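K.L.:
Below are the structure tokens for one structure; questions will follow.
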Number of protein chains: 2
Amino acid sequence: MEETVTLSKDISKEELLHRMRHSCAHVMAQAVQSLYPGTHLTIGPPIEDGFYYDFDSSHRFTPEDLEKIEQKMKEIIEGNHAFKCSWHTKEEAKRFFEERGEKYKVEIISELPEEKISYYHHDNFTDLCEGPHIDTTKRIKHFKLLKIAGSYWRGDEHRERLQRIYGTVWPTQEELEKYLHHLEEAKKRDHRELGPRLDLFSFQPDSAGAGIIYWHPKGTVLREVIENYLKETLKKRNYLFVTTPHVARVDLWKTSGHWDYYRENMFPPMEVEHQPYVLKPMNCPGHILIFKSKIRSYKELPIRFAEFGTVYRFERSGVMHGLLRVRGFTQDDAHLFCRMDQLEAEIMQVLQLTLEVLKTFGFNAFDVKLSTRPEKFTGTNENWDSAQAALKTALLNVGLPYQIDPGEGVFYGPKIDLKIKDCLNRQWQCSTIQVDFNLPQKFDATYRDSNSKDIPCVMIHRALLGSLDRFIRILIEQYAGLFPLWLAPVQAILLSITEGQNAYIQTIAEKLKKENLRIETDLRSEKIGYKIREASMQKIPYLLIVGEKEEKNQTLSVRKQSGENLGSYSLENLLSLLQQEVLEKR
Amino acid sequence: MEETVTLSKDISKEELLHRMRHSCAHVMAQAVQSLYPGTHLTIGPPIEDGFYYDFDSSHRFTPEDLEKIEQKMKEIIEGNHAFKCSWHTKEEAKRFFEERGEKYKVEIISELPEEKISYYHHDNFTDLCEGPHIDTTKRIKHFKLLKIAGSYWRGDEHRERLQRIYGTVWPTQEELEKYLHHLEEAKKRDHRELGPRLDLFSFQPDSAGAGIIYWHPKGTVLREVIENYLKETLKKRNYLFVTTPHVARVDLWKTSGHWDYYRENMFPPMEVEHQPYVLKPMNCPGHILIFKSKIRSYKELPIRFAEFGTVYRFERSGVMHGLLRVRGFTQDDAHLFCRMDQLEAEIMQVLQLTLEVLKTFGFNAFDVKLSTRPEKFTGTNENWDSAQAALKTALLNVGLPYQIDPGEGVFYGPKIDLKIKDCLNRQWQCSTIQVDFNLPQKFDATYRDSNSKDIPCVMIHRALLGSLDRFIRILIEQYAGLFPLWLAPVQAILLSITEGQNAYIQTIAEKLKKENLRIETDLRSEKIGYKIREASMQKIPYLLIVGEKEEKNQTLSVRKQSGENLGSYSLENLLSLLQQEVLEKR
């Protein structure tokens with residue numbers, strides 16, 4: 001028995017979109033099988049912003065094929081075919097797909113727990129499918145196929161290699177075009193392309209290994225500017241910087257509990273004189289050891305240890321992705337040791353600091369979550385209650401809207417997570433503030449109270465940017481490589497029109513460098529238009545052009561990377577223009 | 001046949017001292033065996049500044065025993081016994097020492113290649129010994145036993161545990177006392193004692209492992225000041241800073257040759273997804289990878305990459321020693337890539353830089369060695385000759401006296417090593433400048449010349465301070481913890497006489513901090529004398545005391561750590577006093 005799909009009048013926009021994406025995947029599969037007979041189907045789900053289908057085909061798909069497939073899909077869509085659903089027993093289903101040579105469908109069916117199994121049909125195409133779908137193919141005419149990627153059956157690299165085709169579909173042509181423009185923008189900003197092109201960093205997978213970053217001079221300048229800004233900001237708030245090693249005995253991680261709960265994310269141990277050592281995946285135990293190196297009085301607290309700590313974590317080579325997911329990265333990490341009665345004030349200070357820092361980098365939209373006590377937890381109910389109350393009050397006082405994620409706290413304490421929204425409206429997890437009742441007890445990290453009694457500290461783990469490397473990735477994409485002047489690795493470049501100006505340019509360059517500006521010169525005997533284009537491609541904020549006229553008048557012709565011409569500047573005026581912009585962190 | 005030792009009239013002072021030390025070791029062994037019968041002898045050589053003897057004894061030696069042994073030695077020395085020598089066959093010797101139960105001597109004899117074996121005798125004592133010795137015990141009356149230490153037979157921890165007694169002996173009482181005073185001074189300055197007491201660093205051998213340094217906040221400030229000074233100095237000379245990871249695939253170290261020639265100094269590899277990875281013992285390969293990340297024109301050279309690179313090397317737990325010998329340390333490393341015709345100018349710049357930097361830290365006496373082509377080498381004779389000529393010319397131009405160590409260059413190129421002399425006249429290897437023809441070829445690191453031909457670079461490895469950690473150790477001992485103001489982790493401390501001044505002190509502290517001075521306050525209600533003593537123990541250069549009178553007059557009472565009283569200062573005058581001192585790096 002077949003049932004035709006109908007759509008309720010009050011179907012939500014999200015639900016409709018979800019169904020459109022799913023149905024479009026079916027239409028694509030139909031088109032592919034009609035163009036490339038013998039192609040086997042696997043799965044084809046809707047995903048965020050679109051859909052994909054994984055095919056097992058002897059034909060190797062090319063970008064040109066995508067156009068052909070699109071053309072075929074358009075024909076099918078125009079046919080205005082209704083989507084219909086039917087139910088079958090497991091045996092029927094197996095036989096049906098076996099007859100059609102769809103071995104992957106048969107494998108899926110034999111693992112399904114249900115006795116009754118549904119197909120969806122349209123036109124002459126039938127797929128094993130739970131639905132739901134739209135009513136007719138005509139609804140999905142604003143679609144586009146995007147790219148081809150490799151994948152494995154069941155995501156398992158030991159199984160069959162498949163070809164995945166991604167596509168997207170939208171209710172209107174305007175929405176489709178807006179989305180394609182968004183994709184275009186994201187691609188232009190892709191840090192994996194921009195990073196090496198701007199000579200910021202590279203990966204050396206063949207010689208040094210995957211997911212391990214080499215920061216080139218310009219990338220190192222960027223890191224240094226960020227680190228110096230953070231250092232200055234933190235020191236004003238009485239943070240103390242420490243330096244802890246990258247290896248320690250496994251015993252340390254047994255004490256901390258990481259060896260039991262986090263080992264699969266760690267690099268394997270190294271045996272040194274019969275003692276296993278391991279790369280640090282976290283900075284916390286090291287900071288605790290320094291805290292414990294002497295007796296701490298209640299009067300000394302809070303003590304705030306900070307470190308740009310480089311940690312190493314194991315990631316499967318399949319999941320690594322540019323600077324986003326790597327095997328070694330540097331956290332802007334800190335651990336605050338305080339008394340319970342200081343917790344609220346500390347959290348508030350950290351929240352204020354977080355907002356100040358993220359806004360300085362140009363981010364003003366945040367998504368804040370407070371995660372509360374899970375079912376399994378350490379510490380007393382009383383401490384959890386006061387900690388959660390402290391976090392809420394702090395959020396309220398800072399005026400930061402937040403949502404509660406009930407029961408989503410870590411077992412050792414409640415936490416606040418903060419995501420930033422970038423210019424393409426994408427959200428990225430950066431800051432995290434976690435209360436910890438557990439680690440101070442494991443390490444016996446205590447303070448001496450006014451009665452000379454030793455009391456376990458409350459510890460706060462906090463990172464503002466999270467990973468410095470990943471944050472730089474966000475910055476690269478947010479600014480499409482054209483960083484605000486205070487961050488730009490090269491802030492201005494001096495371009496000569498003829499060789500005659502070289503000496504004058506060198507003098508100007510030296511003067512600007514003395515004022516702590518980051519300056520390059522391009523004195524090559526190339527055409528000025530070529531030099532301007534190159535500097536602009538390198539995303540240098542200011543281009544300072546010097547010809548005969550400028551030298552005679554002791555001026556510079558100032559141009560922004562965008563092409564905007566600011567006209568003629570004296571060195572003095574230029575200096576104050578640049579310094580003001582750096583100072584205002586624009 | 002016995003032969004009495006006689007001393008030639010023109011024996012050098014060094015030779016005489018060497019013999020005295022050796023003879024004193026025999027006298028000590030005699031005293032020990034007479035006081036503690038059953039003690040077995042092993043070996044007792046002369047060493048720099050003295051001697052030791054390793055004993056296998058059921059008696060556990062204490063510091064009080066040393067006095068008893070010294071007393072016994074004095075009696076023997078007063079006996080004015082002559083040293084005599086005799087020769088024996090191997091069989092005779094074995095029998096002789098076997099009869100006396102001296103099994104270690106028997107073991108030594110059976111491994112000796114010679115057929116004729118010598119003993120030395122004095123009084124009733126006989127030792128298996130090659131000599132030479134002095135004529136009579138009377139010469140060694142200005143001696144002192146220093147300490148007891150544990151050791152192993154043959155330095156092998158799987159063999160018998162021994163007790164080592166150290167002593168020293170000098171020709172005159174004055175020289176002995178001078179040496180003991182020197183030892184006292186060195187002990188007072190010992191960084192292993194001062195470092196933790198001044199809260200600069202700690203080791204955590206039990207939890208984190210031996211030879212791995214935890215830098216506390218004050219030590220981290222010290223590192224930061226040094227790093228910032230070096231960064232500024234290097235950037236002026238167009239060095240580019242890079243950041244390279246602490247792990248890489250073993251393959252990288254195979255390409256560089258470290259895997260074949262340096263593996264025993266490396267941490268063991270870690271297996272990640274069937275690929276062995278290893279901690280970096282050197283920064284060079286990483287810098288070369290960045291150099292190779294794009295085509296370099298001959299016009300771009302020299303390119304100078306610098307990094308404060310933390311490296312990890314395997315050291316046996318027995319040889320580790322404070323910050324001097326560790327398993328992880330940070331080099332102020334740089335690699336210069338240049339053309340052969342740029343080598344001399346580069347070396348000269350490095351030499352000038354080295355002198356400027358070391359003098360800034362207060363070192364003015366240097367010992368310079370130029371090591372030339374060894375028997376086995378890579379590269380052409382022609383390149384070696386020009387490189388050696390370039391090094392010599394550079395040394396000459398800089399006006400630095402040097403000695404040549406013929407044939408002591410590394411196989412890959414000639415080098416200059418520079419030692420500094422500290423205030424106790426001890427020499428420490430710091431700076432090294434090595435020319436390298438080998439690594440650029442192994443990695444195919446080339447530049448494109450004016451004919452578009454790819455030519456291998458010449459590479460210079462250079463470190464000014466060597467290891468930052470070891471250099472800080474030298475600084476701690478050189479200044480006995482009282483660092484020059486520009487380096488001091490805490491530059492001044494404000495001390496209140498009564499609680500009444502707290503608000504005033506806080507204001508002053510804030511103002512001083514705003515001027516980038518590193519300030520602490522001590523507002524505890526302790527007696528001012530106690531607070532002064534504590535601050536002075538903490539080696540804080542300036543103590544700023546504020547009582548009622550000072551607050552009324554808006555002044556501070558200024559005192560140096562040494563106790564010197566500088567009298568009353570206005571905030572303004574104090575600021576310029578401190579800033580001037582920081583600026584002059586005194």
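A note on labels: chains of the structure tokens are A, B, ... as shown, every chain counts residues from 1, and ligands are counted from 1 in their shown order.
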Residues at most 8 Å from segment 86-88 of chain A, counting only C-alpha atoms, excluding those fewer than 6 positions away in the same chain, as a PyMOL selection string?
P.N.:
chain A and resi 1-3+116-120
K.L.:
Emit the selected residues as a JSON list (two decimals), in the first residue's frame, including C-alpha atoms.
P.N.:
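Okay, this is what ended up in again.json:
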```json
[["chain", "number", "residue", "atom", "x", "y", "z"],
["A", 1, "MET", "CA", 0.00, 0.00, 0.00],
["A", 2, "GLU", "CA", 1.37, 3.41, -0.95],
["A", 3, "GLU", "CA", 0.60, 6.65, 0.82],
["A", 116, "LYS", "CA", 8.19, -3.04, 9.30],
["A", 117, "ILE", "CA", 10.40, -1.11, 6.95],
["A", 118, "SER", "CA", 9.54, 1.96, 4.88],
["A", 119, "TYR", "CA", 10.49, 2.98, 1.32],
["A", 120, "TYR", "CA", 10.01, 6.39, -0.22]]
```
K.L.:
Near segment 478-485 of chain A, counting only C-alpha atoms, which residues have an atom at most 6 Å away, once you skip same-chain residues fewer than 6 positions from it, shown as a ChimeraX atom specification?
P.N.:
/A:189,423,539,582,586
K.L.:
Using only C-alpha atoms, which residues sit within 12 Å of Arg161 of chain A once same-chain residues fewer than 4 positions away are excluded, as a list in words?
P.N.:
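Within the cut-off, the hits are Thr42, Asp54, Phe55, Asp56, Ser57, Ser58, Arg60, Ala149, Gly150, Ser151, Tyr152, Trp153, Arg154, Gly155, Asp156 and Glu157 of chain A.
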K.L.:
Residues of chain B within 6 Å of chain A, using only C-alpha atoms, as a PDB file with N, CA, C and O atoms, in the first residue's frame?
P.N.:
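The file below, result.pdb, is the result:
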```pdb
ATOM      1  N   SER B 207      56.908  13.973  41.494  1.00  0.00           N
ATOM      2  CA  SER B 207      55.652  13.924  40.747  1.00  0.00           C
ATOM      3  C   SER B 207      55.857  14.088  39.245  1.00  0.00           C
ATOM      4  O   SER B 207      55.175  13.452  38.459  1.00  0.00           O
ATOM      5  N   ALA B 208      56.798  14.932  38.839  1.00  0.00           N
ATOM      6  CA  ALA B 208      56.893  15.227  37.404  1.00  0.00           C
ATOM      7  C   ALA B 208      58.142  14.641  36.760  1.00  0.00           C
ATOM      8  O   ALA B 208      58.181  14.481  35.549  1.00  0.00           O
ATOM      9  N   GLY B 209      59.167  14.341  37.554  1.00  0.00           N
ATOM     10  CA  GLY B 209      60.368  13.743  36.979  1.00  0.00           C
ATOM     11  C   GLY B 209      61.602  14.616  37.179  1.00  0.00           C
ATOM     12  O   GLY B 209      61.484  15.820  37.393  1.00  0.00           O
ATOM     13  N   TYR B 214      60.258  23.738  36.720  1.00  0.00           N
ATOM     14  CA  TYR B 214      59.024  24.520  36.872  1.00  0.00           C
ATOM     15  C   TYR B 214      59.425  25.938  37.243  1.00  0.00           C
ATOM     16  O   TYR B 214      59.990  26.163  38.308  1.00  0.00           O
ATOM     17  N   TRP B 215      59.158  26.878  36.357  1.00  0.00           N
ATOM     18  CA  TRP B 215      59.506  28.274  36.623  1.00  0.00           C
ATOM     19  C   TRP B 215      58.346  28.964  37.320  1.00  0.00           C
ATOM     20  O   TRP B 215      57.256  29.079  36.771  1.00  0.00           O
ATOM     21  N   HIS B 216      58.603  29.435  38.542  1.00  0.00           N
ATOM     22  CA  HIS B 216      57.598  30.118  39.340  1.00  0.00           C
ATOM     23  C   HIS B 216      57.422  31.552  38.805  1.00  0.00           C
ATOM     24  O   HIS B 216      58.181  31.986  37.932  1.00  0.00           O
ATOM     25  N   PRO B 217      56.443  32.297  39.334  1.00  0.00           N
ATOM     26  CA  PRO B 217      56.208  33.648  38.798  1.00  0.00           C
ATOM     27  C   PRO B 217      57.464  34.519  38.748  1.00  0.00           C
ATOM     28  O   PRO B 217      57.741  35.143  37.718  1.00  0.00           O
ATOM     29  N   THR B 220      59.768  33.360  36.075  1.00  0.00           N
ATOM     30  CA  THR B 220      59.180  33.629  34.757  1.00  0.00           C
ATOM     31  C   THR B 220      59.370  35.103  34.383  1.00  0.00           C
ATOM     32  O   THR B 220      59.633  35.427  33.225  1.00  0.00           O
ATOM     33  N   LEU B 240      64.243  37.440  12.372  1.00  0.00           N
ATOM     34  CA  LEU B 240      62.813  37.142  12.304  1.00  0.00           C
ATOM     35  C   LEU B 240      62.524  36.001  13.272  1.00  0.00           C
ATOM     36  O   LEU B 240      63.171  34.947  13.197  1.00  0.00           O
ATOM     37  N   PHE B 241      61.567  36.200  14.170  1.00  0.00           N
ATOM     38  CA  PHE B 241      61.252  35.130  15.122  1.00  0.00           C
ATOM     39  C   PHE B 241      60.248  34.156  14.510  1.00  0.00           C
ATOM     40  O   PHE B 241      59.346  34.550  13.783  1.00  0.00           O
ATOM     41  N   VAL B 242      60.460  32.867  14.805  1.00  0.00           N
ATOM     42  CA  VAL B 242      59.550  31.823  14.342  1.00  0.00           C
ATOM     43  C   VAL B 242      59.158  30.959  15.548  1.00  0.00           C
ATOM     44  O   VAL B 242      59.756  31.085  16.627  1.00  0.00           O
ATOM     45  N   THR B 243      58.143  30.135  15.373  1.00  0.00           N
ATOM     46  CA  THR B 243      57.671  29.277  16.462  1.00  0.00           C
ATOM     47  C   THR B 243      57.508  27.868  15.908  1.00  0.00           C
ATOM     48  O   THR B 243      56.679  27.648  15.030  1.00  0.00           O
ATOM     49  N   THR B 244      58.313  26.942  16.410  1.00  0.00           N
ATOM     50  CA  THR B 244      58.248  25.577  15.876  1.00  0.00           C
ATOM     51  C   THR B 244      57.863  24.593  16.984  1.00  0.00           C
ATOM     52  O   THR B 244      58.143  24.830  18.152  1.00  0.00           O
ATOM     53  N   ALA B 248      58.098  16.068  16.360  1.00  0.00           N
ATOM     54  CA  ALA B 248      58.064  15.873  14.912  1.00  0.00           C
ATOM     55  C   ALA B 248      58.284  14.388  14.648  1.00  0.00           C
ATOM     56  O   ALA B 248      58.741  13.646  15.534  1.00  0.00           O
ATOM     57  N   ARG B 249      57.955  13.966  13.432  1.00  0.00           N
ATOM     58  CA  ARG B 249      58.175  12.577  13.058  1.00  0.00           C
ATOM     59  C   ARG B 249      59.660  12.244  13.097  1.00  0.00           C
ATOM     60  O   ARG B 249      60.497  13.107  12.813  1.00  0.00           O
ATOM     61  N   LEU B 252      61.978  13.226  10.187  1.00  0.00           N
ATOM     62  CA  LEU B 252      62.656  14.523  10.097  1.00  0.00           C
ATOM     63  C   LEU B 252      64.085  14.410  10.628  1.00  0.00           C
ATOM     64  O   LEU B 252      65.026  14.982  10.069  1.00  0.00           O
ATOM     65  N   PRO B 268      62.914   8.803  24.000  1.00  0.00           N
ATOM     66  CA  PRO B 268      62.497   7.701  23.116  1.00  0.00           C
ATOM     67  C   PRO B 268      61.282   8.111  22.279  1.00  0.00           C
ATOM     68  O   PRO B 268      60.531   9.001  22.659  1.00  0.00           O
ATOM     69  N   MET B 270      57.585   8.111  20.233  1.00  0.00           N
ATOM     70  CA  MET B 270      56.183   7.790  20.550  1.00  0.00           C
ATOM     71  C   MET B 270      55.522   7.342  19.253  1.00  0.00           C
ATOM     72  O   MET B 270      55.688   7.988  18.232  1.00  0.00           O
TER      73      MET B 270
END
```
K.L.:
Give me the residues within 10 Å of Ser371 of chain B as a list in words, counting only C-alpha atoms and dropping any in the same chain fewer than 4 places off.
P.N.:
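What passes the distance filter is Gln388, Leu391, Gln403, Ile404, Asp405, Pro406, Gly407, Glu408, Gly409, Val410, Gly413, Pro414, Lys415, Ile416, Asp417 and Gln434 of chain B.
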K.L.:
Please identify all polymer residues within 10 Å of Lys560 of chain B, counting only C-alpha atoms, omitting same-chain residues fewer than 4 positions from it, and present them as a PyMOL selection string.
P.N.:
chain B and resi 492+536+539-544+564-566
K.L.:
Which residues, written as a list in words, have at least one atom at most 10 Å from Tyr262 of chain A, with only C-alpha atoms counted and residues fewer than 4 positions away on the same chain left out?
P.N.:
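Counting only C-alpha atoms, the residues come to Trp253, Gly257, His258, Met266, Pro281 and Arg313 of chain A.
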K.L.:
Just the residues within 12 Å of Lys359 of chain B, please, counting only C-alpha atoms, with nothing from its chain fewer than 2 positions along; format it as a list in words.
P.N.:
Gln352, Leu353, Thr354, Leu355, Glu356, Val357, Phe361, Gly362, Phe363, Asn364, Ala365, Phe366, Ile420, Lys421, Asp422, Leu464, Leu465, Lys585 and Arg586 of chain B
K.L.:
Per DSSP on the backbone, filter segment 291-449 of chain A down to the residues in alpha helix (DSSP H) and report them as an MDAnalysis selection string.
P.N.:
chainID A and resid 291 343:360 381:398 439:442
K.L.:
Any idea what the distance is between atom CA of Ser256 of chain A and atom CA of Asp436 of chain A?
P.N.:
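One can read the atom CA of Ser256 of chain A to atom CA of Asp436 of chain A distance as 12.1 Å.
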K.L.:
According to DSSP computed on the backbone, where in segment 21-164 of chain B is there strand (DSSP E)? Give the residues as a PyMOL selection string.
P.N.:
chain B and resi 40-41+46-47+50-56+84-89+116-122+125-128+143-152+161-164
K.L.:
Out of B:Ala390, B:Leu370, B:Ala503, B:Val225, which residue has the shortest atom-to-atom distance to Pro489 of chain B when counting only C-alpha atoms?
P.N.:
B:Val225
K.L.:
Go through A:Ala389, A:Met537, A:Leu183, A:Val169 one by one, measure the shortest atom-to-atom distance of each to Leu17 of chain A using only C-alpha atoms, and give the residue with the smallest value.
P.N.:
A:Val169
